[in-house]
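Coordinates from target22.pdb are shown below (PDB, C-alpha atoms).
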ATOM      1  CA  MET A   1      -1.025 -18.344  12.899  1.00  0.00           C
ATOM      2  CA  ASP A   2       2.565 -18.727  14.078  1.00  0.00           C
ATOM      3  CA  ILE A   3       3.990 -18.456  10.563  1.00  0.00           C
ATOM      4  CA  ILE A   4       2.118 -15.185   9.953  1.00  0.00           C
ATOM      5  CA  LYS A   5       3.394 -13.826  13.259  1.00  0.00           C
ATOM      6  CA  ILE A   6       6.986 -14.738  12.377  1.00  0.00           C
ATOM      7  CA  ILE A   7       6.690 -13.206   8.893  1.00  0.00           C
ATOM      8  CA  LEU A   8       5.263  -9.975  10.325  1.00  0.00           C
ATOM      9  CA  GLN A   9       7.988  -9.786  12.971  1.00  0.00           C
ATOM     10  CA  VAL A  10      10.740 -10.236  10.378  1.00  0.00           C
ATOM     11  CA  LEU A  11       9.068  -7.657   8.127  1.00  0.00           C
ATOM     12  CA  LEU A  12       8.830  -5.267  11.085  1.00  0.00           C
ATOM     13  CA  GLY A  13      12.538  -5.641  11.796  1.00  0.00           C
ATOM     14  CA  ILE A  14      13.523  -5.066   8.164  1.00  0.00           C
ATOM     15  CA  THR A  15      11.255  -2.046   7.719  1.00  0.00           C
ATOM     16  CA  SER A  16      12.424  -0.551  11.027  1.00  0.00           C
ATOM     17  CA  VAL A  17      16.075  -0.700  10.004  1.00  0.00           C
ATOM     18  CA  LEU A  18      15.353   0.638   6.498  1.00  0.00           C
ATOM     19  CA  LEU A  19      13.179   3.431   7.860  1.00  0.00           C
ATOM     20  CA  THR A  20      15.904   4.465  10.305  1.00  0.00           C
ATOM     21  CA  LEU A  21      18.500   4.547   7.531  1.00  0.00           C
ATOM     22  CA  LEU A  22      16.247   6.535   5.197  1.00  0.00           C
ATOM     23  CA  ILE A  23      15.482   9.101   7.892  1.00  0.00           C
ATOM     24  CA  LEU A  24      19.191   9.516   8.568  1.00  0.00           C
ATOM     25  CA  LEU A  25      19.800  10.136   4.840  1.00  0.00           C
ATOM     26  CA  HIS A  26      17.570  13.221   4.836  1.00  0.00           C
ATOM     27  CA  LYS A  27      19.225  16.587   4.590  1.00  0.00           C
ATOM     28  CA  GLY A  28      19.470  18.414   7.911  1.00  0.00           C
ATOM     29  CA  ARG A  29      17.444  21.614   8.240  1.00  0.00           C
ATOM     30  CA  GLY A  30      19.868  23.193  10.693  1.00  0.00           C
ATOM     31  CA  GLY A  31      19.739  24.099  14.339  1.00  0.00           C
ATOM     32  CA  GLY A  32      19.643  20.543  15.591  1.00  0.00           C
ATOM     33  CA  MET A  33      21.763  17.464  16.008  1.00  0.00           C
ATOM     34  CA  SER A  34      22.892  17.611  12.379  1.00  0.00           C
ATOM     35  CA  ASP A  35      24.713  20.906  13.017  1.00  0.00           C
ATOM     36  CA  MET A  36      26.383  19.499  16.103  1.00  0.00           C
ATOM     37  CA  PHE A  37      27.978  16.688  14.085  1.00  0.00           C
ATOM     38  CA  GLY A  38      29.010  18.708  11.057  1.00  0.00           C
ATOM     39  CA  GLY A  39      25.662  18.982   9.306  1.00  0.00           C
ATOM     40  CA  GLY A  40      26.314  22.635   8.511  1.00  0.00           C
ATOM     41  CA  MET A  41      28.938  21.597   5.980  1.00  0.00           C
ATOM     42  CA  THR A  42      26.430  19.610   3.912  1.00  0.00           C
ATOM     43  CA  SER A  43      24.614  22.717   2.682  1.00  0.00           C
ATOM     44  CA  SER A  44      27.174  23.168  -0.089  1.00  0.00           C
ATOM     45  CA  MET A  45      27.020  19.474  -0.964  1.00  0.00           C
ATOM     46  CA  GLY A  46      23.228  19.172  -0.898  1.00  0.00           C
ATOM     47  CA  SER A  47      21.399  16.688  -3.052  1.00  0.00           C
ATOM     48  CA  SER A  48      19.279  17.679  -5.998  1.00  0.00           C
ATOM     49  CA  GLY A  49      15.608  18.446  -5.619  1.00  0.00           C
ATOM     50  CA  VAL A  50      14.559  15.297  -7.475  1.00  0.00           C
ATOM     51  CA  ALA A  51      16.662  13.040  -5.275  1.00  0.00           C
ATOM     52  CA  GLU A  52      15.284  14.677  -2.125  1.00  0.00           C
ATOM     53  CA  ARG A  53      11.691  14.293  -3.352  1.00  0.00           C
ATOM     54  CA  ASN A  54      12.259  10.635  -4.212  1.00  0.00           C
ATOM     55  CA  LEU A  55      13.814  10.055  -0.792  1.00  0.00           C
ATOM     56  CA  ASN A  56      10.769  11.694   0.804  1.00  0.00           C
ATOM     57  CA  ARG A  57       8.387   9.507  -1.204  1.00  0.00           C
ATOM     58  CA  ILE A  58      10.244   6.303  -0.385  1.00  0.00           C
ATOM     59  CA  THR A  59      10.379   7.248   3.302  1.00  0.00           C
ATOM     60  CA  ILE A  60       6.638   7.972   3.412  1.00  0.00           C
ATOM     61  CA  ILE A  61       5.764   4.723   1.631  1.00  0.00           C
ATOM     62  CA  LEU A  62       8.042   2.713   3.914  1.00  0.00           C
ATOM     63  CA  GLY A  63       6.553   4.478   6.947  1.00  0.00           C
ATOM     64  CA  LEU A  64       3.054   3.492   5.835  1.00  0.00           C
ATOM     65  CA  ILE A  65       4.172  -0.114   5.328  1.00  0.00           C
ATOM     66  CA  TRP A  66       5.794  -0.045   8.780  1.00  0.00           C
ATOM     67  CA  GLY A  67       2.575   1.206  10.349  1.00  0.00           C
ATOM     68  CA  ALA A  68       0.496  -1.419   8.529  1.00  0.00           C
ATOM     69  CA  VAL A  69       2.835  -4.178   9.714  1.00  0.00           C
ATOM     70  CA  ILE A  70       2.530  -2.978  13.312  1.00  0.00           C
ATOM     71  CA  ILE A  71      -1.272  -2.921  13.075  1.00  0.00           C
ATOM     72  CA  GLY A  72      -1.293  -6.359  11.429  1.00  0.00           C
ATOM     73  CA  LEU A  73       1.011  -7.786  14.078  1.00  0.00           C
ATOM     74  CA  ALA A  74      -1.132  -6.315  16.850  1.00  0.00           C
ATOM     75  CA  LEU A  75      -4.267  -7.852  15.319  1.00  0.00           C
ATOM     76  CA  VAL A  76      -2.602 -11.248  14.942  1.00  0.00           C
ATOM     77  CA  LEU A  77      -1.396 -11.170  18.525  1.00  0.00           C
ATOM     78  CA  ARG A  78      -4.764  -9.979  19.802  1.00  0.00           C
ATOM     79  CA  PHE A  79      -6.874 -12.563  18.030  1.00  0.00           C
ATOM     80  CA  SER A  80      -4.526 -15.550  18.122  1.00  0.00           C
ATOM     81  CA  ILE A  81      -5.970 -18.425  20.086  1.00  0.00           C
ATOM     82  CA  GLU A  82      -3.572 -19.923  22.625  1.00  0.00           C
ATOM     83  CA  VAL A  83      -3.971 -23.642  23.191  1.00  0.00           C
TER      84      VAL A  83
END
Let me see the file written as structure tokens.
Amino acid sequence: MDIIKIILQVLLGITSVLLTLLILLHKGRGGGMSDMFGGGMTSSMGSSGVAERNLNRITIILGLIWGAVIIGLALVLRFSIEV
């Protein structure tokens, strides 16, 4: 059970970092932190619609994997038998 726990923890760390990076890659909608740090300038350099849709899809899929890893890790920790 320890090897599964270690694998899930490593997978959780990797997916957390990737999910954070993917969320930061999204185009700012304005009126928030992105405008404070120069996000208003990116409107003229915006990505294409296809790239934005693919980024959304990858982010959603990675978010679902992240959630599944958290649930799996919680189940492993809950039902692991300590000796």
Exercise. So how far away is CA of Met1 (chain A) from CA of Arg78 (chain A), in Å?
Worked result: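 Answer for the CA of Arg78 (chain A) to CA of Met1 (chain A) separation: 11.5 Å.
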Exercise. CA of Leu21 (chain A) and CA of Gly67 (chain A), how far apart in Å?
Worked result: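 Answer for the CA of Gly67 (chain A) to CA of Leu21 (chain A) separation: 16.5 Å.
Considering only C-alpha atoms, the residue among A:Leu62, A:Leu73, A:Ile81, A:Ile3 positioned nearest to Val17 (chain A) is A:Leu62.
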Exercise. At what distance in Å, to one decimal, does CA of Leu19 (chain A) lie from CA of Thr59 (chain A)?
Worked result: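 These atoms are spaced 6.6 Å apart.
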Any chance you could resolve the PyMOL selection byres ((chain A and resi 23-26) around 9) against this file and give the residues as a PDB file with C-alpha atoms, in the frame of the given file?
ATOM      1  CA  LEU A  18      15.353   0.638   6.498  1.00  0.00           C
ATOM      2  CA  LEU A  19      13.179   3.431   7.860  1.00  0.00           C
ATOM      3  CA  THR A  20      15.904   4.465  10.305  1.00  0.00           C
ATOM      4  CA  LEU A  21      18.500   4.547   7.531  1.00  0.00           C
ATOM      5  CA  LEU A  22      16.247   6.535   5.197  1.00  0.00           C
ATOM      6  CA  LYS A  27      19.225  16.587   4.590  1.00  0.00           C
ATOM      7  CA  GLY A  28      19.470  18.414   7.911  1.00  0.00           C
ATOM      8  CA  GLU A  52      15.284  14.677  -2.125  1.00  0.00           C
ATOM      9  CA  LEU A  55      13.814  10.055  -0.792  1.00  0.00           C
ATOM     10  CA  ASN A  56      10.769  11.694   0.804  1.00  0.00           C
ATOM     11  CA  THR A  59      10.379   7.248   3.302  1.00  0.00           C
TER      12      THR A  59
END
For this session: Report as a PyMOL selection string the residues that result from applying the PyMOL selection byres ((chain A and resi 5) around 10) to the structure here.
Result: chain A and resi 1-4+6-11+72-77+80
